[in-house]
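A.B. asks: I have a structure I would like to understand better, so I am pasting it below and will then ask my questions one at a time.
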Amino acid sequence: MPLPALPLDALLTGRARPFTRPGSRSGIAKSPRDGALRVTPVGLEGDEQGDLRVHGGMPR
């Protein structure tokens with residue numbers, strides 16, 4: 001059964017950046033994106049997660 005279309009107010013993406021502890025990274029800083037984005041098996045084009053042990057990646 002096909003899923004219904006849903007409206008989106010915004011798509012936000014961001015790169016992982018250094019965070020609180022030395023060596024740690026976070027992708028919490030997201031910015032709105034305009035236009036079409038590619039959806040891949042691991043997320044949205046241009047988006048990153050800082051700690052792939054607990055966020056993102058194929059199993060998440």
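Letters A, B, ... go to the chains of the structure tokens in the order shown; residues in each chain start at 1; ligands are counted from 1 in the same order.
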Which residues are near region 2-13 of chain A? Cut-off 10 Å, only C-alpha atoms, ignore same chain within fewer than 2 positions. Put them as a list of chain:residue names.

C.D. replies: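 These residues fall inside the cut-off: A:Arg15, A:Ala16, A:Gly27, A:Ile28, A:Ala29, A:Lys30, A:Ser31, A:Pro32, A:Arg33, A:Asp34, A:Gly35, A:Ala36, A:Leu37, A:Gly43, A:Leu44, A:Glu45, A:Gly46, A:Asp47, A:Glu48, A:Gln49.
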
A.B. asks: If you keep N, CA and C atoms, can you produce a file of those selected residues as a PDB file, in the first residue's frame?

C.D. replies:
```
ATOM      1  N   ARG A  15      26.572  19.658   8.825  1.00  0.00           N
ATOM      2  CA  ARG A  15      27.788  18.857   8.922  1.00  0.00           C
ATOM      3  C   ARG A  15      28.142  18.652  10.393  1.00  0.00           C
ATOM      4  N   ALA A  16      28.751  17.529  10.690  1.00  0.00           N
ATOM      5  CA  ALA A  16      29.224  17.275  12.056  1.00  0.00           C
ATOM      6  C   ALA A  16      30.387  18.215  12.353  1.00  0.00           C
ATOM      7  N   GLY A  27      26.256  16.684  15.105  1.00  0.00           N
ATOM      8  CA  GLY A  27      25.547  17.201  13.942  1.00  0.00           C
ATOM      9  C   GLY A  27      24.312  17.974  14.353  1.00  0.00           C
ATOM     10  N   ILE A  28      24.295  18.516  15.562  1.00  0.00           N
ATOM     11  CA  ILE A  28      23.103  19.183  16.078  1.00  0.00           C
ATOM     12  C   ILE A  28      22.831  20.515  15.371  1.00  0.00           C
ATOM     13  N   ALA A  29      23.854  21.183  14.874  1.00  0.00           N
ATOM     14  CA  ALA A  29      23.666  22.483  14.215  1.00  0.00           C
ATOM     15  C   ALA A  29      23.159  22.260  12.792  1.00  0.00           C
ATOM     16  N   LYS A  30      21.885  22.453  12.577  1.00  0.00           N
ATOM     17  CA  LYS A  30      21.259  22.238  11.274  1.00  0.00           C
ATOM     18  C   LYS A  30      20.775  23.568  10.710  1.00  0.00           C
ATOM     19  N   SER A  31      20.771  23.683   9.391  1.00  0.00           N
ATOM     20  CA  SER A  31      20.289  24.884   8.707  1.00  0.00           C
ATOM     21  C   SER A  31      19.269  24.489   7.652  1.00  0.00           C
ATOM     22  N   PRO A  32      18.289  25.360   7.388  1.00  0.00           N
ATOM     23  CA  PRO A  32      17.294  25.060   6.354  1.00  0.00           C
ATOM     24  C   PRO A  32      17.946  24.965   4.979  1.00  0.00           C
ATOM     25  N   ARG A  33      17.434  24.084   4.155  1.00  0.00           N
ATOM     26  CA  ARG A  33      17.907  23.907   2.781  1.00  0.00           C
ATOM     27  C   ARG A  33      16.787  24.241   1.814  1.00  0.00           C
ATOM     28  N   ASP A  34      17.142  24.843   0.701  1.00  0.00           N
ATOM     29  CA  ASP A  34      16.183  25.142  -0.359  1.00  0.00           C
ATOM     30  C   ASP A  34      16.320  24.116  -1.471  1.00  0.00           C
ATOM     31  N   GLY A  35      15.230  23.857  -2.158  1.00  0.00           N
ATOM     32  CA  GLY A  35      15.274  22.980  -3.314  1.00  0.00           C
ATOM     33  C   GLY A  35      15.253  21.510  -2.951  1.00  0.00           C
ATOM     34  N   ALA A  36      15.482  20.708  -3.971  1.00  0.00           N
ATOM     35  CA  ALA A  36      15.420  19.254  -3.824  1.00  0.00           C
ATOM     36  C   ALA A  36      16.689  18.725  -3.158  1.00  0.00           C
ATOM     37  N   LEU A  37      16.521  17.694  -2.355  1.00  0.00           N
ATOM     38  CA  LEU A  37      17.637  16.993  -1.722  1.00  0.00           C
ATOM     39  C   LEU A  37      17.528  15.513  -2.039  1.00  0.00           C
ATOM     40  N   GLY A  43      20.537   8.714   4.883  1.00  0.00           N
ATOM     41  CA  GLY A  43      20.002  10.021   5.271  1.00  0.00           C
ATOM     42  C   GLY A  43      19.905  10.998   4.123  1.00  0.00           C
ATOM     43  N   LEU A  44      19.803  12.272   4.464  1.00  0.00           N
ATOM     44  CA  LEU A  44      19.671  13.334   3.477  1.00  0.00           C
ATOM     45  C   LEU A  44      21.038  13.802   2.988  1.00  0.00           C
ATOM     46  N   GLU A  45      21.102  14.131   1.717  1.00  0.00           N
ATOM     47  CA  GLU A  45      22.307  14.700   1.129  1.00  0.00           C
ATOM     48  C   GLU A  45      22.732  15.938   1.925  1.00  0.00           C
ATOM     49  N   GLY A  46      23.999  16.027   2.297  1.00  0.00           N
ATOM     50  CA  GLY A  46      24.516  17.181   3.019  1.00  0.00           C
ATOM     51  C   GLY A  46      24.320  17.135   4.521  1.00  0.00           C
ATOM     52  N   ASP A  47      23.798  16.028   5.044  1.00  0.00           N
ATOM     53  CA  ASP A  47      23.575  15.926   6.481  1.00  0.00           C
ATOM     54  C   ASP A  47      24.545  14.912   7.076  1.00  0.00           C
ATOM     55  N   GLU A  48      25.047  15.202   8.258  1.00  0.00           N
ATOM     56  CA  GLU A  48      25.962  14.290   8.942  1.00  0.00           C
ATOM     57  C   GLU A  48      25.548  14.115  10.396  1.00  0.00           C
ATOM     58  N   GLN A  49      25.930  12.991  10.956  1.00  0.00           N
ATOM     59  CA  GLN A  49      25.765  12.723  12.377  1.00  0.00           C
ATOM     60  C   GLN A  49      27.164  12.645  12.979  1.00  0.00           C
TER      61      GLN A  49
END
```

A.B. asks: What is the distance, in Å and to one decimal place, between CA of Thr40 (chain A) and CA of Gly23 (chain A)?

C.D. replies: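 Value for the CA of Thr40 (chain A)-CA of Gly23 (chain A) distance: 26.9 Å.
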
A.B. asks: From the list A:Leu52, A:Val39, A:Met1, A:Met58, which residue is nearest Arg25 (chain A) when using only C-alpha atoms?

C.D. replies: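 Distance minimum relative to Arg25 (chain A) lands on A:Leu52.
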
A.B. asks: Please run DSSP on the backbone and report, as a list in words, all residues within region 13-48 of chain A that come out as strand (DSSP E or B).

C.D. replies: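 Assigned to strand (DSSP E or B), within region 13-48 of chain A: Thr13, Arg17, Pro18, Arg25, Ser26, Ser31, Pro32, Arg33, Val39, Thr40, Gly43 and Leu44 of chain A.
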